[in-house]
Amino acid sequence: MPAERIDGVAIARSVRDDVAREVARLRQRGITPGLTVVLVGDDPASAVYVRSKGKACEEAGMAGDTIRLPATTTQEDLLARIDRLNADPAVHGILVQMPLPKHIDPDTVVRRIRPDKDVDGFHPVNVGKLLIGEKDGFAPCTPAGVQEMLVRSGVDTRGMECVIIGRSNIVGKPMAALLVQDRVGANATVTVCHRHTRDLPAHTRRADLIIAAAGRPGVLTADMVKKGAVVVDVGINRVNDASTKTGYRIVGDVDFDGVSAVASLITPVPGGVGPMTIAMLLRNTVRAAGQVTS
Ligand SMILES: NC(=O)c1ccc[n+]([C@@H]2O[C@H](COP(=O)([O-])OP(=O)(O)OC[C@H]3O[C@@H](n4cnc5c(N)ncnc54)[C@H](OP(=O)(O)O)[C@@H]3O)[C@@H](O)[C@H]2O)c1
């Protein structure tokens, strides 16, 4: 039997409905959760992400503000902007869209955001809280979205052998930190693989849960997957395709058709993890607003 698809669009919708209900409760108390996104420069992909974040905020009844700055903005100017947002009580979440122009150091910028407004979850304070298992920090939205998606799909990760392909600070490492915690939705035995992993298929073949986040189309093929495994594809890759209007199409890291014949549950690309990321960003912002006022 082919794998059942996990519908990221539907799950993200239900998270966003929950968020909208929480926003309505907060608004009754006179608080409108506010997210400010800062976009520096004119990277077209970033502009698309930022627009969809603003739209999602509006839909949830939140205040979504976008500050667009020219690519020539100095680091000093950007830090001064962040200081103002840090001090603004109407702003509960701050997100600086990456990548930044080369003359601006992203680590310095992330460290300037107040940890209790860092709804992206990249400030070292939040990274530390995630690892320790403290619940009042913010987890990065993509791995948090994967975890939420698994919980809402009825996947019990307790005791599962989980193999993550990729060790980036935005996906692989925080994914491992989330799944290894002693709590519901976690309690997995986690292996993190990367380019120096000696025998990737040997790891993935014994996994009950595989999370592919390598940014390499076809990094996971059917022969690397145990029958009945759960497969989550975080990858978003552009591949050339002359048959489409744009000349390219978006694929994940997983050979979807091949792996579907072996896995029990699988996330598609697009329509899998992608929509969860924005849903979790909204959820983090609403939590930030609730924490300030409670
Ligand atoms: N759905 C979403 O909302 C969302 C959000 C974020 C990212 N993404 C996508 O997820 C993918 C990963 O993103 P990222 O930012 O984590 O990428 P990244 O920073 O480039 O990290 C990729 C990781 O994969 C590892 N890797 C690459 N090729 C490998 C291979 N053949 N075997 C084993 N490991 C390999 C790398 O190992 P080394 O460390 O050894 O180099 C690295 O740790 C990208 O396609 C990205 O577009 C999606």
# chains A, B, ... in the order shown; residues from 1 in each chain; ligands from 1
>>> residues_around(residues="A:Met280", least_positions_apart="3", cutoff="7 Å", atoms="only C-alpha atoms", output="PyMOL selection string")
chain A and resi 141+144-145+276-277+283-284
>>> write_last_selection(atoms="N, CA and C atoms", output="PDB file, in the first residue's frame")
ATOM      1  N   CYS A 141      10.833  28.029  13.760  1.00  0.00           N
ATOM      2  CA  CYS A 141       9.498  27.695  13.249  1.00  0.00           C
ATOM      3  C   CYS A 141       9.452  26.424  12.385  1.00  0.00           C
ATOM      4  N   ALA A 144       9.852  23.286  14.637  1.00  0.00           N
ATOM      5  CA  ALA A 144       8.667  23.251  15.504  1.00  0.00           C
ATOM      6  C   ALA A 144       7.446  22.835  14.683  1.00  0.00           C
ATOM      7  N   GLY A 145       7.392  23.288  13.442  1.00  0.00           N
ATOM      8  CA  GLY A 145       6.286  22.913  12.551  1.00  0.00           C
ATOM      9  C   GLY A 145       6.291  21.431  12.228  1.00  0.00           C
ATOM     10  N   MET A 276       3.641  24.904   7.340  1.00  0.00           N
ATOM     11  CA  MET A 276       3.717  24.851   8.809  1.00  0.00           C
ATOM     12  C   MET A 276       4.607  25.951   9.370  1.00  0.00           C
ATOM     13  N   THR A 277       5.611  26.369   8.586  1.00  0.00           N
ATOM     14  CA  THR A 277       6.591  27.323   9.105  1.00  0.00           C
ATOM     15  C   THR A 277       5.911  28.646   9.473  1.00  0.00           C
ATOM     16  N   ARG A 283       2.052  31.413  15.725  1.00  0.00           N
ATOM     17  CA  ARG A 283       1.837  30.867  17.070  1.00  0.00           C
ATOM     18  C   ARG A 283       2.864  31.429  18.059  1.00  0.00           C
ATOM     19  N   ASN A 284       4.124  31.502  17.632  1.00  0.00           N
ATOM     20  CA  ASN A 284       5.146  32.073  18.516  1.00  0.00           C
ATOM     21  C   ASN A 284       4.823  33.531  18.864  1.00  0.00           C
TER      22      ASN A 284
END
>>> select_by_dssp(residues="stretch 32-275 of chain A", states="strand (DSSP E or B)", output="VMD selection string")
chain A and resid 34 to 40 63 to 69 93 to 96 161 to 165 189 to 193 209 to 212 220 230 to 233 237 to 240 248 to 251 254 265 to 266
>>> closest_residue(among="A:Arg112, A:Arg68, A:Arg195, A:Arg167", to="A:Val50", atoms="only C-alpha atoms")
A:Arg68
>>> residues_near_ligand(ligand="ligand 1", cutoff="7 Å", atoms="only C-alpha atoms and all ligand atoms", output="ChimeraX atom specification")
/A:142,165-172,193-197,200,213-216,219,234-237,252-253,273-275,277
>>> write_last_selection(atoms="N, CA and C atoms", output="compact mmCIF listing (two decimals), in the first residue's frame")
# COMPACT_ATOMS: atom_id res chain seq x y z
N THR A 142 10.48 26.18 11.58
CA THR A 142 10.39 25.00 10.69
C THR A 142 10.46 23.69 11.49
N ILE A 165 18.63 14.22 8.38
CA ILE A 165 19.70 14.48 7.40
C ILE A 165 19.87 15.99 7.32
N GLY A 166 20.97 16.48 7.85
CA GLY A 166 21.22 17.93 7.88
C GLY A 166 21.42 18.39 9.31
N ARG A 167 22.38 19.29 9.51
CA ARG A 167 22.70 19.78 10.86
C ARG A 167 22.79 21.30 10.91
N SER A 168 21.94 21.97 10.11
CA SER A 168 22.00 23.44 10.13
C SER A 168 21.41 23.96 11.44
N ASN A 169 21.73 25.23 11.73
CA ASN A 169 21.21 25.85 12.95
C ASN A 169 19.73 26.17 12.84
N ILE A 170 19.22 26.24 11.58
CA ILE A 170 17.80 26.60 11.47
C ILE A 170 16.89 25.38 11.37
N VAL A 171 17.41 24.25 10.93
CA VAL A 171 16.54 23.06 10.82
C VAL A 171 17.12 21.85 11.59
N GLY A 172 18.24 21.30 11.12
CA GLY A 172 18.70 20.00 11.65
C GLY A 172 18.95 19.98 13.14
N CYS A 193 22.72 13.38 10.79
CA CYS A 193 23.69 13.07 9.72
C CYS A 193 24.05 14.34 8.93
N HIS A 194 25.20 14.31 8.30
CA HIS A 194 25.69 15.47 7.53
C HIS A 194 26.62 14.96 6.43
N ARG A 195 27.35 15.84 5.79
CA ARG A 195 28.17 15.44 4.64
C ARG A 195 29.31 14.50 5.02
N HIS A 196 29.68 14.48 6.28
CA HIS A 196 30.78 13.61 6.69
C HIS A 196 30.29 12.29 7.29
N THR A 197 28.98 12.10 7.29
CA THR A 197 28.45 10.82 7.79
C THR A 197 28.96 9.72 6.85
N LEU A 200 25.43 6.99 5.09
CA LEU A 200 24.08 7.55 5.32
C LEU A 200 22.98 6.47 5.21
N ALA A 213 16.58 17.20 5.55
CA ALA A 213 16.76 18.66 5.50
C ALA A 213 18.17 18.96 5.01
N ALA A 214 18.47 18.48 3.81
CA ALA A 214 19.82 18.63 3.26
C ALA A 214 19.88 19.68 2.16
N GLY A 215 18.73 20.00 1.57
CA GLY A 215 18.73 20.91 0.43
C GLY A 215 19.35 20.26 -0.80
N ARG A 216 19.16 18.92 -0.92
CA ARG A 216 19.70 18.16 -2.06
C ARG A 216 18.59 17.26 -2.62
N VAL A 219 18.23 13.12 -2.09
CA VAL A 219 19.17 12.65 -1.06
C VAL A 219 18.62 11.38 -0.37
N VAL A 234 11.83 18.23 4.39
CA VAL A 234 11.91 19.68 4.66
C VAL A 234 12.46 20.43 3.45
N GLY A 235 13.13 19.74 2.57
CA GLY A 235 13.84 20.36 1.44
C GLY A 235 12.94 21.18 0.53
N ILE A 236 13.47 22.29 0.07
CA ILE A 236 12.81 23.10 -0.96
C ILE A 236 13.89 23.39 -2.00
N ASN A 237 13.80 22.75 -3.15
CA ASN A 237 14.85 22.91 -4.17
C ASN A 237 14.20 23.24 -5.51
N GLY A 252 11.39 18.49 -3.21
CA GLY A 252 12.00 18.33 -1.89
C GLY A 252 13.33 17.60 -2.00
N ASP A 253 13.74 17.00 -0.88
CA ASP A 253 14.99 16.22 -0.85
C ASP A 253 14.72 14.74 -1.09
N VAL A 273 5.83 20.52 4.76
CA VAL A 273 6.38 21.30 5.88
C VAL A 273 6.25 22.81 5.64
N GLY A 274 6.37 23.25 4.38
CA GLY A 274 6.37 24.69 4.06
C GLY A 274 5.28 25.48 4.77
N PRO A 275 4.00 25.12 4.59
CA PRO A 275 2.94 25.91 5.22
C PRO A 275 3.00 25.93 6.74
N THR A 277 5.61 26.37 8.59
CA THR A 277 6.59 27.32 9.11
C THR A 277 5.91 28.65 9.47
>>> residues_around(residues="A:Ile164", least_positions_apart="3", cutoff="7 Å", atoms="only C-alpha atoms", output="ChimeraX atom specification")
/A:172,191-193,210-212
>>> write_last_selection(atoms="N, CA and C atoms", output="PDB file, in the first residue's frame")
ATOM      1  N   GLY A 172      18.237  21.295  11.122  1.00  0.00           N
ATOM      2  CA  GLY A 172      18.698  20.002  11.647  1.00  0.00           C
ATOM      3  C   GLY A 172      18.953  19.985  13.144  1.00  0.00           C
ATOM      4  N   THR A 191      19.539  10.579  15.662  1.00  0.00           N
ATOM      5  CA  THR A 191      20.841  10.592  14.988  1.00  0.00           C
ATOM      6  C   THR A 191      20.836  11.756  14.001  1.00  0.00           C
ATOM      7  N   VAL A 192      21.885  12.555  14.021  1.00  0.00           N
ATOM      8  CA  VAL A 192      21.972  13.688  13.082  1.00  0.00           C
ATOM      9  C   VAL A 192      23.077  13.399  12.057  1.00  0.00           C
ATOM     10  N   CYS A 193      22.721  13.384  10.789  1.00  0.00           N
ATOM     11  CA  CYS A 193      23.689  13.071   9.717  1.00  0.00           C
ATOM     12  C   CYS A 193      24.046  14.342   8.934  1.00  0.00           C
ATOM     13  N   ILE A 210      12.373   9.500   9.418  1.00  0.00           N
ATOM     14  CA  ILE A 210      13.477  10.170   8.718  1.00  0.00           C
ATOM     15  C   ILE A 210      13.038  11.603   8.411  1.00  0.00           C
ATOM     16  N   ILE A 211      13.885  12.554   8.770  1.00  0.00           N
ATOM     17  CA  ILE A 211      13.600  13.957   8.451  1.00  0.00           C
ATOM     18  C   ILE A 211      14.718  14.437   7.538  1.00  0.00           C
ATOM     19  N   ALA A 212      14.375  14.706   6.286  1.00  0.00           N
ATOM     20  CA  ALA A 212      15.385  15.107   5.304  1.00  0.00           C
ATOM     21  C   ALA A 212      15.431  16.622   5.213  1.00  0.00           C
TER      22      ALA A 212
END
>>> residues_around(residues="A:Arg25", least_positions_apart="4", cutoff="12 Å", atoms="only C-alpha atoms", output="ChimeraX atom specification")
/A:18-21,29-33,60-62,286,289-290
>>> atom_distance(atom1="atom CA of A:Ala222", atom2="atom CA of A:Met1")
14.2 Å
>>> closest_residue(among="A:Tyr248, A:Asp199, A:Pro143, A:Glu4", to="A:Ala229", atoms="only C-alpha atoms")
A:Glu4
